[in-house]
Amino acid sequence: MSHYPSTGTWQTCPACGRHVHQRQWGTYHQCPFCHYWQRLTAMQRISQLVDESSFTPLAMPEQSVDQLDFPDYPAKLARAQQQTGLTEAIVTGTAMIEAQPCILAVMDSHFMMGTLNTAVTRRLIHASEQAREQQLPLIVVTASGGARMQEGIYALVGMNLILAEFARLATAQLPLITVLTDPTMGGVSASFAFKGDVVVAEAGAKIGFAGARVIQQTMPVQLPADFQSAASLLANGMLDDVIERPQLRSYLARVLASYGIQGGHQHG
Amino acid sequence: MDERLKRLRAADRISAPTIIKALLPAMVRQRGDRLLGQDDALTAGFGQTATGLRIAVLGVDRGTDIASRRQKNGGALTVPGYRTALRVVAHAEKFQMPVVSLINMPGADASPQSERYGQSQAIADLIAATGQLTVPNLVVFLGEGHSGGALAFANANRIVMLDDSLFNVASPEAVTAILHGQQTISEAIDLLPMTAEVLQQRGLVDQVIEHDDADLIQLIIQSINQQLESVLTLSAVEVVAQREAKFQQFLATWPVN
């Protein structure tokens, strides 16, 4: 279709199909023609959100292994690791956002579509435990197609286990802020994504449970152009706000400031 | 269709309303979510069992003929269904009644309405609520239960399955669709641990019941009573902890690199 390569210096915009040179995407990775926000990697997201060199990754020993002998899974994992330089679909750490401390967990849709599996579950639970340990707010940036099929029911139980841990975070009166980015679907949408004390979406994000393709396979309906868009969810009362990417950092800083939690280790 | 799935989806498959009628002959039916509407796929209420135990029940079934299947949306619970279940769970918590769920449901209701009314949030809220219940809860898989919707009922102290029933992250059809048809539906059932036997071996399922036993209804009621009895003596804190520990231990069997 394209006479330009879709990787390298030129990329095809997934929204409008025009060819965009890597410099044209700019700092915030936006299509200059249609204003589509390109999906960020976890590391790009973190560098946009946190104070310079304030991000300290939490120890993340948990990596995926294949226990079920699902065909091609080990190869897919290896490929995802090689392409992203990550060990799993989420990166967690302590960070400062405009000089305010928090625990930050960022999912990466480039790693097997950010799917929730046993390792992601363990890391997210660990991040929340650290938030309780250090008495800090937890910010979770979601980007996920849902549960990872290849880990079967082991991926599914991440949903209730993460919610059980977040119940402890709530008991500790520590804020959970969820930032829903493109895409936030399936098991992530139906578990912790909307469990934030403050729930916001990045402009342009697709958010929902069953995707448009699945719905249209089930019933012959014409879906509106803004179906499952951040803007329509805001209009329908599902979100506190929709934030443009360049404002996300200052928005989160404002939320953190409004809670005014400075942290400090929990003893005893 | 795969023979195993045909059996689970057959019109004469044992269904939640049948067992609920036998379990709670004088049940007080609870309907509606007080917000959007009500869902015919859900049979819910509370009452006293023959053994004198006050319990709440949540049943999800697919319907037995064209009319009832249409009415029940084939067992694909809609937002009012989850929200009604949430109300029943809150009521059970208030009056300290154990909650028994009996399910045979396909995956999510893939429709614009369910998305519009917050299917994600409804499921998440029910998973969270069943997880924090301070009275014991139990689920019986009478057929299929997949995805977050089934987990909302299966987030329980005890999990019982009929021997031919299935519990998975997604329906076998959805697994093959999501993985772009690399596997057939029958292969998907064998590839992932979703049968009662395999899930019992792996420590998630507490009891498996033969589906073709002549006294199946009585067997299920007996199992409900026995399984509940083993957790009824736990304190409120212990009930919540036991439920979470059950799933934590299951997750812990997945090796870490």
# chains A, B, ... in the order shown; residues from 1 in each chain; ligands from 1

call {"tool": "closest_atom_pairs", "arguments": {"of": "chain B", "to": "chain A", "cutoff": "7 Å", "atoms": "only C-alpha atoms", "output": "CSV"}}
result
residue,atom,partner,partner_atom,distance
B:Ala110,CA,A:Ile215,CA,4.8
B:Ser111,CA,A:Ile215,CA,5.6
B:Glu115,CA,A:Gly208,CA,6.4
B:Gln119,CA,A:Phe209,CA,6.8
B:Ser120,CA,A:Ala190,CA,3.9
B:Gln121,CA,A:Ala190,CA,5.9
B:Ile123,CA,A:Ala190,CA,5.7
B:Ala124,CA,A:Ser191,CA,4.5
B:Ile127,CA,A:Asn160,CA,6.2
B:Ala128,CA,A:Leu163,CA,5.9
B:Gly131,CA,A:Ala164,CA,6.5
B:Ser147,CA,A:Leu156,CA,6.9
B:Gly148,CA,A:Gly187,CA,6.3
B:Asn155,CA,A:Asn160,CA,6.9
B:Asn168,CA,A:Ile153,CA,5.2
B:Val169,CA,A:Ile153,CA,4.9
B:Val175,CA,A:Met149,CA,6.4
B:Leu191,CA,A:Phe70,CA,6.6
B:Leu192,CA,A:Gly152,CA,5.9
B:Pro193,CA,A:Gly152,CA,6.9
B:Glu244,CA,A:Leu161,CA,6.9
B:Phe247,CA,A:Val157,CA,6.8
B:Leu251,CA,A:Tyr154,CA,6.2
B:Trp254,CA,A:Gln67,CA,6.9
B:Pro255,CA,A:Val65,CA,6.8
B:Val256,CA,A:Glu62,CA,5.6
B:Asn257,CA,A:Gln63,CA,5.3

call {"tool": "write_last_selection", "arguments": {"atoms": "N, CA and C atoms", "output": "CSV table (one decimal), in the first residue's frame"}}
result
chain,number,residue,atom,x,y,z
B,110,ALA,N,-21.3,-8.5,24.1
B,110,ALA,CA,-20.6,-7.6,23.2
B,110,ALA,C,-21.7,-6.7,22.5
B,111,SER,N,-22.0,-5.6,23.1
B,111,SER,CA,-23.0,-4.7,22.5
B,111,SER,C,-22.7,-3.2,22.8
B,115,GLU,N,-21.5,-1.3,26.6
B,115,GLU,CA,-20.3,-0.4,26.6
B,115,GLU,C,-20.8,1.0,27.2
B,119,GLN,N,-20.1,-1.5,31.2
B,119,GLN,CA,-19.9,-2.9,31.5
B,119,GLN,C,-18.6,-3.1,32.3
B,120,SER,N,-17.5,-2.5,31.9
B,120,SER,CA,-16.2,-2.6,32.6
B,120,SER,C,-16.4,-2.3,34.1
B,121,GLN,N,-17.0,-1.1,34.4
B,121,GLN,CA,-17.1,-0.7,35.8
B,121,GLN,C,-18.0,-1.6,36.5
B,123,ILE,N,-18.5,-4.8,36.1
B,123,ILE,CA,-17.8,-6.1,36.3
B,123,ILE,C,-16.7,-5.8,37.4
B,124,ALA,N,-16.0,-4.8,37.3
B,124,ALA,CA,-14.9,-4.4,38.2
B,124,ALA,C,-15.5,-4.3,39.6
B,127,ILE,N,-16.4,-7.7,41.0
B,127,ILE,CA,-15.2,-8.5,41.4
B,127,ILE,C,-14.7,-7.9,42.8
B,128,ALA,N,-14.7,-6.6,42.9
B,128,ALA,CA,-14.1,-6.0,44.1
B,128,ALA,C,-15.0,-6.3,45.3
B,131,GLY,N,-14.8,-9.9,46.4
B,131,GLY,CA,-13.5,-10.1,47.1
B,131,GLY,C,-13.5,-9.6,48.5
B,147,SER,N,-14.0,-15.2,31.4
B,147,SER,CA,-13.7,-13.7,31.4
B,147,SER,C,-14.0,-13.1,32.8
B,148,GLY,N,-13.9,-11.8,32.8
B,148,GLY,CA,-14.2,-11.0,34.0
B,148,GLY,C,-15.6,-11.2,34.6
B,155,ASN,N,-15.0,-15.2,42.3
B,155,ASN,CA,-14.0,-14.6,43.3
B,155,ASN,C,-14.6,-15.1,44.6
B,168,ASN,N,-12.5,-20.2,32.0
B,168,ASN,CA,-11.3,-19.7,31.4
B,168,ASN,C,-11.2,-18.2,31.3
B,169,VAL,N,-10.1,-17.7,30.9
B,169,VAL,CA,-9.9,-16.2,30.7
B,169,VAL,C,-10.8,-15.7,29.6
B,175,VAL,N,-10.8,-17.1,22.4
B,175,VAL,CA,-9.3,-17.3,22.4
B,175,VAL,C,-8.8,-17.5,21.0
B,191,LEU,N,-5.6,-26.7,24.9
B,191,LEU,CA,-4.3,-26.0,25.1
B,191,LEU,C,-4.3,-25.3,26.5
B,192,LEU,N,-5.4,-24.7,26.9
B,192,LEU,CA,-5.4,-23.9,28.1
B,192,LEU,C,-6.1,-24.7,29.2
B,193,PRO,N,-5.6,-24.5,30.4
B,193,PRO,CA,-6.3,-25.2,31.6
B,193,PRO,C,-7.7,-24.6,31.8
B,244,GLU,N,-8.6,-14.5,49.3
B,244,GLU,CA,-7.5,-13.9,48.6
B,244,GLU,C,-6.3,-14.9,48.5
B,247,PHE,N,-6.4,-17.5,45.7
B,247,PHE,CA,-6.0,-17.1,44.4
B,247,PHE,C,-4.5,-16.8,44.4
B,251,LEU,N,-1.8,-18.3,41.9
B,251,LEU,CA,-0.8,-17.5,41.1
B,251,LEU,C,0.6,-17.8,41.4
B,254,TRP,N,2.6,-20.3,39.3
B,254,TRP,CA,3.2,-19.9,38.0
B,254,TRP,C,4.7,-19.4,38.3
B,255,PRO,N,5.6,-20.1,37.7
B,255,PRO,CA,7.0,-19.9,38.0
B,255,PRO,C,7.5,-18.5,37.7
B,256,VAL,N,8.4,-18.0,38.5
B,256,VAL,CA,9.0,-16.7,38.2
B,256,VAL,C,10.4,-16.9,37.6
B,257,ASN,N,10.7,-16.2,36.6
B,257,ASN,CA,12.0,-16.4,36.0
B,257,ASN,C,13.1,-15.8,36.9

call {"tool": "select_by_dssp", "arguments": {"residues": "stretch 15-143 of chain A", "states": "alpha helix (DSSP H)", "output": "PyMOL selection string"}}
result
chain A and resi 22-25+42-49+73-84+118-133

call {"tool": "write_last_selection", "arguments": {"atoms": "N, CA and C atoms", "output": "short mmCIF file (atom, residue, chain, number, x, y, z; two decimals), in the first residue's frame"}}
result
data_model
loop_
_atom_site.label_atom_id
_atom_site.label_comp_id
_atom_site.auth_asym_id
_atom_site.auth_seq_id
_atom_site.Cartn_x
_atom_site.Cartn_y
_atom_site.Cartn_z
N GLN A 22 9.79 11.16 11.25
CA GLN A 22 9.92 11.03 12.71
C GLN A 22 10.08 12.39 13.41
N ARG A 23 10.67 13.35 12.71
CA ARG A 23 10.82 14.68 13.34
C ARG A 23 9.48 15.41 13.44
N GLN A 24 8.59 15.07 12.49
CA GLN A 24 7.29 15.75 12.50
C GLN A 24 6.41 15.32 13.67
N TRP A 25 6.67 14.13 14.23
CA TRP A 25 5.87 13.67 15.37
C TRP A 25 6.07 14.59 16.57
N ALA A 42 6.51 2.81 27.35
CA ALA A 42 6.49 3.11 28.78
C ALA A 42 7.59 4.12 29.13
N MET A 43 8.76 3.95 28.51
CA MET A 43 9.88 4.83 28.86
C MET A 43 9.65 6.25 28.33
N GLN A 44 9.04 6.36 27.14
CA GLN A 44 8.68 7.70 26.62
C GLN A 44 7.68 8.37 27.56
N ARG A 45 6.69 7.60 27.99
CA ARG A 45 5.66 8.13 28.88
C ARG A 45 6.29 8.62 30.18
N ILE A 46 7.14 7.79 30.74
CA ILE A 46 7.75 8.16 32.01
C ILE A 46 8.57 9.45 31.85
N SER A 47 9.32 9.53 30.77
CA SER A 47 10.17 10.73 30.62
C SER A 47 9.32 11.98 30.40
N GLN A 48 8.11 11.81 29.85
CA GLN A 48 7.23 12.97 29.69
C GLN A 48 6.59 13.41 31.00
N LEU A 49 6.45 12.46 31.92
CA LEU A 49 5.67 12.74 33.13
C LEU A 49 6.50 13.17 34.34
N TYR A 73 4.29 -19.01 22.27
CA TYR A 73 4.34 -17.99 23.31
C TYR A 73 5.78 -17.59 23.68
N PRO A 74 6.66 -18.55 23.92
CA PRO A 74 8.04 -18.15 24.26
C PRO A 74 8.68 -17.29 23.16
N ALA A 75 8.41 -17.62 21.92
CA ALA A 75 8.98 -16.85 20.81
C ALA A 75 8.40 -15.43 20.79
N LYS A 76 7.08 -15.33 21.03
CA LYS A 76 6.44 -14.01 21.05
C LYS A 76 7.00 -13.15 22.19
N LEU A 77 7.19 -13.79 23.33
CA LEU A 77 7.74 -13.07 24.48
C LEU A 77 9.14 -12.57 24.16
N ALA A 78 9.95 -13.45 23.60
CA ALA A 78 11.33 -13.08 23.29
C ALA A 78 11.35 -11.92 22.30
N ARG A 79 10.44 -11.98 21.32
CA ARG A 79 10.38 -10.92 20.32
C ARG A 79 9.96 -9.59 20.98
N ALA A 80 8.97 -9.67 21.85
CA ALA A 80 8.50 -8.46 22.53
C ALA A 80 9.62 -7.86 23.38
N GLN A 81 10.36 -8.72 24.05
CA GLN A 81 11.46 -8.23 24.90
C GLN A 81 12.54 -7.58 24.06
N GLN A 82 12.81 -8.19 22.93
CA GLN A 82 13.85 -7.66 22.06
C GLN A 82 13.42 -6.32 21.45
N GLN A 83 12.15 -6.25 21.02
CA GLN A 83 11.67 -5.04 20.36
C GLN A 83 11.53 -3.86 21.31
N THR A 84 11.15 -4.14 22.56
CA THR A 84 10.86 -3.04 23.49
C THR A 84 12.01 -2.75 24.44
N THR A 118 0.68 -12.90 34.52
CA THR A 118 1.11 -13.13 35.90
C THR A 118 2.20 -12.15 36.33
N ALA A 119 3.12 -11.83 35.42
CA ALA A 119 4.22 -10.93 35.77
C ALA A 119 3.72 -9.50 35.97
N VAL A 120 2.84 -9.05 35.08
CA VAL A 120 2.28 -7.70 35.21
C VAL A 120 1.50 -7.61 36.53
N THR A 121 0.74 -8.64 36.82
CA THR A 121 -0.01 -8.68 38.08
C THR A 121 0.92 -8.55 39.27
N ARG A 122 1.97 -9.33 39.28
CA ARG A 122 2.90 -9.30 40.41
C ARG A 122 3.56 -7.93 40.56
N ARG A 123 3.94 -7.35 39.43
CA ARG A 123 4.61 -6.04 39.49
C ARG A 123 3.67 -4.95 39.97
N LEU A 124 2.43 -5.02 39.52
CA LEU A 124 1.48 -3.99 39.93
C LEU A 124 1.14 -4.12 41.41
N ILE A 125 0.99 -5.34 41.86
CA ILE A 125 0.73 -5.57 43.29
C ILE A 125 1.93 -5.07 44.11
N HIS A 126 3.11 -5.35 43.61
CA HIS A 126 4.32 -4.90 44.30
C HIS A 126 4.38 -3.37 44.36
N ALA A 127 4.00 -2.74 43.26
CA ALA A 127 4.01 -1.26 43.23
C ALA A 127 3.05 -0.70 44.27
N SER A 128 1.89 -1.32 44.40
CA SER A 128 0.92 -0.86 45.39
C SER A 128 1.42 -1.10 46.81
N GLU A 129 2.07 -2.24 47.01
CA GLU A 129 2.67 -2.52 48.33
C GLU A 129 3.71 -1.47 48.68
N GLN A 130 4.48 -1.07 47.67
CA GLN A 130 5.50 -0.04 47.88
C GLN A 130 4.85 1.31 48.21
N ALA A 131 3.72 1.59 47.55
CA ALA A 131 3.00 2.83 47.84
C ALA A 131 2.57 2.83 49.31
N ARG A 132 2.12 1.68 49.80
CA ARG A 132 1.70 1.60 51.20
C ARG A 132 2.90 1.69 52.13
N GLU A 133 3.96 1.00 51.75
CA GLU A 133 5.18 1.00 52.55
C GLU A 133 5.75 2.42 52.69
#

call {"tool": "residues_around", "arguments": {"residues": "B:Asn73", "least_positions_apart": "6", "cutoff": "12 Å", "atoms": "only C-alpha atoms", "output": "PyMOL selection string"}}
result
chain B and resi 39-42+60-67+81+105-111+114

call {"tool": "write_last_selection", "arguments": {"atoms": "N, CA and C atoms", "output": "CSV table (one decimal), in the first residue's frame"}}
result
chain,number,residue,atom,x,y,z
B,39,ASP,N,-32.3,-7.6,34.7
B,39,ASP,CA,-31.7,-8.6,33.7
B,39,ASP,C,-32.3,-10.0,34.0
B,40,ASP,N,-33.0,-10.5,33.0
B,40,ASP,CA,-33.7,-11.8,33.2
B,40,ASP,C,-32.7,-13.0,33.3
B,41,ALA,N,-31.5,-12.8,32.9
B,41,ALA,CA,-30.5,-13.9,32.9
B,41,ALA,C,-30.1,-14.2,34.4
B,42,LEU,N,-30.4,-13.2,35.3
B,42,LEU,CA,-30.0,-13.3,36.7
B,42,LEU,C,-31.2,-13.8,37.5
B,60,VAL,N,-27.0,-17.5,37.1
B,60,VAL,CA,-27.0,-17.0,35.7
B,60,VAL,C,-27.2,-18.2,34.8
B,61,ASP,N,-28.2,-18.1,33.9
B,61,ASP,CA,-28.5,-19.2,33.0
B,61,ASP,C,-28.8,-18.6,31.6
B,62,ARG,N,-28.7,-19.5,30.6
B,62,ARG,CA,-28.9,-19.1,29.2
B,62,ARG,C,-30.3,-19.2,28.7
B,63,GLY,N,-31.2,-19.7,29.4
B,63,GLY,CA,-32.5,-19.9,28.9
B,63,GLY,C,-32.6,-21.3,28.2
B,64,THR,N,-33.9,-21.8,28.1
B,64,THR,CA,-34.1,-23.2,27.7
B,64,THR,C,-34.8,-23.3,26.3
B,65,ASP,N,-35.4,-22.2,25.8
B,65,ASP,CA,-36.0,-22.2,24.5
B,65,ASP,C,-35.7,-20.9,23.8
B,66,ILE,N,-36.1,-20.8,22.6
B,66,ILE,CA,-35.8,-19.6,21.9
B,66,ILE,C,-36.3,-18.3,22.6
B,67,ALA,N,-37.5,-18.4,23.1
B,67,ALA,CA,-38.1,-17.2,23.8
B,67,ALA,C,-37.3,-16.8,25.0
B,81,GLY,N,-27.7,-6.5,35.1
B,81,GLY,CA,-27.5,-7.8,35.8
B,81,GLY,C,-26.3,-7.8,36.8
B,105,MET,N,-22.7,-19.2,31.7
B,105,MET,CA,-22.8,-18.0,30.9
B,105,MET,C,-21.7,-17.9,29.9
B,106,PRO,N,-22.0,-17.3,28.7
B,106,PRO,CA,-20.9,-17.1,27.7
B,106,PRO,C,-20.1,-15.9,28.2
B,107,GLY,N,-19.2,-15.4,27.4
B,107,GLY,CA,-18.4,-14.3,27.8
B,107,GLY,C,-19.2,-13.0,27.9
B,108,ALA,N,-18.6,-11.9,27.6
B,108,ALA,CA,-19.2,-10.6,27.8
B,108,ALA,C,-20.4,-10.4,26.8
B,109,ASP,N,-21.3,-9.5,27.2
B,109,ASP,CA,-22.3,-9.1,26.2
B,109,ASP,C,-21.6,-8.0,25.3
B,110,ALA,N,-21.3,-8.5,24.1
B,110,ALA,CA,-20.6,-7.6,23.2
B,110,ALA,C,-21.7,-6.7,22.5
B,111,SER,N,-22.0,-5.6,23.1
B,111,SER,CA,-23.0,-4.7,22.5
B,111,SER,C,-22.7,-3.2,22.8
B,114,SER,N,-24.1,-2.2,26.4
B,114,SER,CA,-23.3,-2.6,27.5
B,114,SER,C,-22.1,-1.7,27.7

call {"tool": "residues_around", "arguments": {"residues": "B:Met27", "least_positions_apart": "4", "cutoff": "12 Å", "atoms": "only C-alpha atoms", "output": "MDAnalysis selection string"}}
result
chainID B and resid 17 19:23 43:50 54:58

call {"tool": "select_by_dssp", "arguments": {"residues": "stretch 41-268 of chain A", "states": "strand (DSSP E)", "output": "compact mmCIF listing (two decimals) with N, CA, C and O atoms, in the first residue's frame"}}
result
# COMPACT_ATOMS: atom_id res chain seq x y z
N THR A 56 13.13 6.03 39.67
CA THR A 56 13.93 4.89 40.11
C THR A 56 13.10 3.63 39.97
O THR A 56 12.10 3.47 40.69
N PRO A 57 13.47 2.76 39.06
CA PRO A 57 12.65 1.55 38.88
C PRO A 57 12.62 0.71 40.15
O PRO A 57 13.62 0.62 40.86
N ILE A 90 4.86 -3.88 31.79
CA ILE A 90 4.66 -2.78 32.72
C ILE A 90 5.99 -2.39 33.34
O ILE A 90 6.85 -3.26 33.55
N VAL A 91 6.16 -1.10 33.56
CA VAL A 91 7.35 -0.59 34.24
C VAL A 91 6.88 0.14 35.49
O VAL A 91 5.95 0.95 35.42
N THR A 92 7.49 -0.16 36.63
CA THR A 92 7.08 0.48 37.88
C THR A 92 8.28 1.13 38.55
O THR A 92 9.41 0.67 38.38
N GLY A 93 8.02 2.18 39.29
CA GLY A 93 9.13 2.83 39.99
C GLY A 93 8.65 3.95 40.89
O GLY A 93 7.46 4.27 40.92
N THR A 94 9.59 4.52 41.61
CA THR A 94 9.28 5.72 42.38
C THR A 94 9.67 6.91 41.52
O THR A 94 10.60 6.83 40.72
N ALA A 95 8.93 7.99 41.67
CA ALA A 95 9.18 9.15 40.81
C ALA A 95 8.75 10.42 41.51
O ALA A 95 8.02 10.39 42.51
N MET A 96 9.23 11.54 40.97
CA MET A 96 8.77 12.86 41.41
C MET A 96 8.08 13.51 40.22
O MET A 96 8.59 13.49 39.10
N ILE A 97 6.91 14.07 40.49
CA ILE A 97 6.23 14.85 39.45
C ILE A 97 6.08 16.27 39.99
O ILE A 97 5.38 16.50 40.96
N GLN A 100 6.82 16.32 43.57
CA GLN A 100 5.96 15.56 44.48
C GLN A 100 6.17 14.07 44.28
O GLN A 100 6.05 13.57 43.15
N PRO A 101 6.43 13.35 45.35
CA PRO A 101 6.76 11.93 45.22
C PRO A 101 5.52 11.07 44.95
O PRO A 101 4.43 11.37 45.44
N CYS A 102 5.73 10.03 44.20
CA CYS A 102 4.66 9.06 43.97
C CYS A 102 5.26 7.75 43.50
O CYS A 102 6.44 7.67 43.19
N ILE A 103 4.43 6.71 43.52
CA ILE A 103 4.80 5.46 42.84
C ILE A 103 4.10 5.49 41.50
O ILE A 103 2.92 5.82 41.41
N LEU A 104 4.85 5.18 40.45
CA LEU A 104 4.32 5.27 39.09
C LEU A 104 4.42 3.90 38.41
O LEU A 104 5.47 3.27 38.43
N ALA A 105 3.30 3.45 37.85
CA ALA A 105 3.29 2.19 37.09
C ALA A 105 2.77 2.51 35.70
O ALA A 105 1.69 3.09 35.55
N VAL A 106 3.54 2.15 34.68
CA VAL A 106 3.17 2.48 33.30
C VAL A 106 3.15 1.22 32.46
O VAL A 106 4.14 0.50 32.38
N MET A 107 2.01 0.96 31.83
CA MET A 107 1.91 -0.20 30.95
C MET A 107 2.39 0.18 29.56
O MET A 107 2.39 1.36 29.20
N LEU A 138 -0.36 6.28 44.38
CA LEU A 138 -0.01 5.39 43.27
C LEU A 138 -0.69 5.91 41.99
O LEU A 138 -1.90 6.12 41.96
N ILE A 139 0.12 6.11 40.96
CA ILE A 139 -0.42 6.49 39.65
C ILE A 139 -0.22 5.32 38.70
O ILE A 139 0.90 4.81 38.56
N VAL A 140 -1.31 4.87 38.09
CA VAL A 140 -1.21 3.78 37.12
C VAL A 140 -1.63 4.30 35.75
O VAL A 140 -2.73 4.82 35.58
N VAL A 141 -0.72 4.21 34.78
CA VAL A 141 -1.03 4.59 33.41
C VAL A 141 -1.32 3.30 32.63
O VAL A 141 -0.43 2.47 32.45
N THR A 142 -2.58 3.12 32.24
CA THR A 142 -2.95 1.87 31.58
C THR A 142 -2.77 1.98 30.07
O THR A 142 -2.98 3.05 29.48
N ALA A 143 -2.38 0.88 29.45
CA ALA A 143 -2.32 0.75 27.99
C ALA A 143 -2.33 -0.75 27.75
O ALA A 143 -1.31 -1.41 27.90
N SER A 144 -3.49 -1.29 27.45
CA SER A 144 -3.60 -2.75 27.42
C SER A 144 -4.79 -3.23 26.62
O SER A 144 -5.87 -2.63 26.65
N LEU A 176 -5.29 6.46 44.65
CA LEU A 176 -4.97 5.73 43.42
C LEU A 176 -5.46 6.60 42.27
O LEU A 176 -6.62 6.98 42.22
N ILE A 177 -4.55 6.95 41.38
CA ILE A 177 -4.91 7.77 40.23
C ILE A 177 -4.68 6.93 38.99
O ILE A 177 -3.58 6.43 38.76
N THR A 178 -5.74 6.73 38.21
CA THR A 178 -5.56 5.94 37.00
C THR A 178 -5.68 6.85 35.78
O THR A 178 -6.58 7.67 35.68
N VAL A 179 -4.71 6.69 34.88
CA VAL A 179 -4.68 7.45 33.63
C VAL A 179 -4.87 6.45 32.51
O VAL A 179 -4.02 5.58 32.27
N LEU A 180 -6.00 6.53 31.83
CA LEU A 180 -6.34 5.56 30.79
C LEU A 180 -5.84 6.06 29.45
O LEU A 180 -6.27 7.11 28.97
N THR A 181 -4.91 5.32 28.86
CA THR A 181 -4.39 5.73 27.56
C THR A 181 -4.75 4.67 26.53
O THR A 181 -5.30 3.62 26.85
N ASP A 182 -4.43 4.95 25.29
CA ASP A 182 -4.83 4.10 24.18
C ASP A 182 -3.98 2.84 24.09
O ASP A 182 -2.75 2.98 24.03
N PRO A 183 -4.53 1.66 24.09
CA PRO A 183 -5.92 1.30 24.35
C PRO A 183 -6.07 0.81 25.79
O PRO A 183 -5.12 0.29 26.37
N THR A 184 -7.24 0.94 26.36
CA THR A 184 -7.51 0.34 27.67
C THR A 184 -8.78 -0.50 27.52
O THR A 184 -9.88 0.02 27.48
N VAL A 198 -9.27 9.09 41.31
CA VAL A 198 -9.43 10.00 40.18
C VAL A 198 -9.15 9.16 38.93
O VAL A 198 -8.15 8.46 38.86
N VAL A 199 -10.09 9.21 37.98
CA VAL A 199 -9.93 8.45 36.74
C VAL A 199 -9.95 9.43 35.58
O VAL A 199 -10.94 10.12 35.36
N VAL A 200 -8.83 9.51 34.86
CA VAL A 200 -8.78 10.40 33.69
C VAL A 200 -8.28 9.62 32.49
O VAL A 200 -7.65 8.57 32.64
N ALA A 201 -8.58 10.13 31.32
CA ALA A 201 -8.08 9.50 30.10
C ALA A 201 -7.26 10.50 29.32
O ALA A 201 -7.48 11.71 29.41
N GLU A 202 -6.32 9.96 28.58
CA GLU A 202 -5.60 10.82 27.65
C GLU A 202 -6.48 11.05 26.42
O GLU A 202 -7.19 10.13 25.99
N ASP A 241 -11.98 13.47 33.77
CA ASP A 241 -11.45 14.46 32.83
C ASP A 241 -10.78 13.75 31.66
O ASP A 241 -10.44 12.57 31.75
N VAL A 242 -10.62 14.48 30.59
CA VAL A 242 -9.79 14.03 29.47
C VAL A 242 -8.68 15.06 29.31
O VAL A 242 -8.96 16.26 29.24
N ILE A 243 -7.45 14.58 29.29
CA ILE A 243 -6.31 15.49 29.30
C ILE A 243 -5.50 15.32 28.02
O ILE A 243 -5.24 14.20 27.59

call {"tool": "residues_around", "arguments": {"residues": "B:Asp206", "least_positions_apart": "5", "cutoff": "8 Å", "atoms": "only C-alpha atoms", "output": "ChimeraX atom specification"}}
result
/B:158-160,200

call {"tool": "residues_around", "arguments": {"residues": "stretch 5-19 of chain A", "least_positions_apart": "2", "cutoff": "9 Å", "atoms": "only C-alpha atoms", "output": "VMD selection string"}}
result
chain A and resid 2 to 3 21 to 23 31 33 to 36 38

call {"tool": "atom_distance", "arguments": {"atom1": "atom CA of B:Ile14", "atom2": "atom CA of B:Asp212"}}
result
10.1 Å

call {"tool": "closest_residue", "arguments": {"among": "B:Leu24, B:Ala122, B:Ile178, B:Ala236", "to": "B:Leu36", "atoms": "only C-alpha atoms"}}
result
B:Ala122

call {"tool": "residues_around", "arguments": {"residues": "B:Thr195", "least_positions_apart": "4", "cutoff": "8 Å", "atoms": "only C-alpha atoms", "output": "VMD selection string"}}
result
chain B and resid 163 to 167 189 199

call {"tool": "write_last_selection", "arguments": {"atoms": "N, CA and C atoms", "output": "mmCIF file, in the first residue's frame"}}
result
data_model
loop_
_atom_site.group_PDB
_atom_site.id
_atom_site.type_symbol
_atom_site.label_atom_id
_atom_site.label_comp_id
_atom_site.auth_asym_id
_atom_site.auth_seq_id
_atom_site.Cartn_x
_atom_site.Cartn_y
_atom_site.Cartn_z
ATOM 1 N N ASP B 163 -18.168 -31.752 36.203
ATOM 2 C CA ASP B 163 -16.947 -32.293 35.598
ATOM 3 C C ASP B 163 -16.726 -31.875 34.144
ATOM 4 N N ASP B 164 -17.800 -31.539 33.426
ATOM 5 C CA ASP B 164 -17.615 -31.167 32.026
ATOM 6 C C ASP B 164 -17.694 -29.660 31.797
ATOM 7 N N SER B 165 -17.716 -28.886 32.883
ATOM 8 C CA SER B 165 -17.838 -27.442 32.703
ATOM 9 C C SER B 165 -16.469 -26.787 32.503
ATOM 10 N N LEU B 166 -16.503 -25.536 32.073
ATOM 11 C CA LEU B 166 -15.272 -24.824 31.698
ATOM 12 C C LEU B 166 -15.188 -23.457 32.372
ATOM 13 N N PHE B 167 -13.966 -23.071 32.740
ATOM 14 C CA PHE B 167 -13.701 -21.760 33.358
ATOM 15 C C PHE B 167 -12.392 -21.263 32.768
ATOM 16 N N ILE B 189 -9.524 -25.504 23.794
ATOM 17 C CA ILE B 189 -9.986 -26.127 25.046
ATOM 18 C C ILE B 189 -8.885 -27.010 25.632
ATOM 19 N N LEU B 199 -8.317 -27.874 36.309
ATOM 20 C CA LEU B 199 -8.285 -26.774 37.282
ATOM 21 C C LEU B 199 -8.268 -27.304 38.715
#
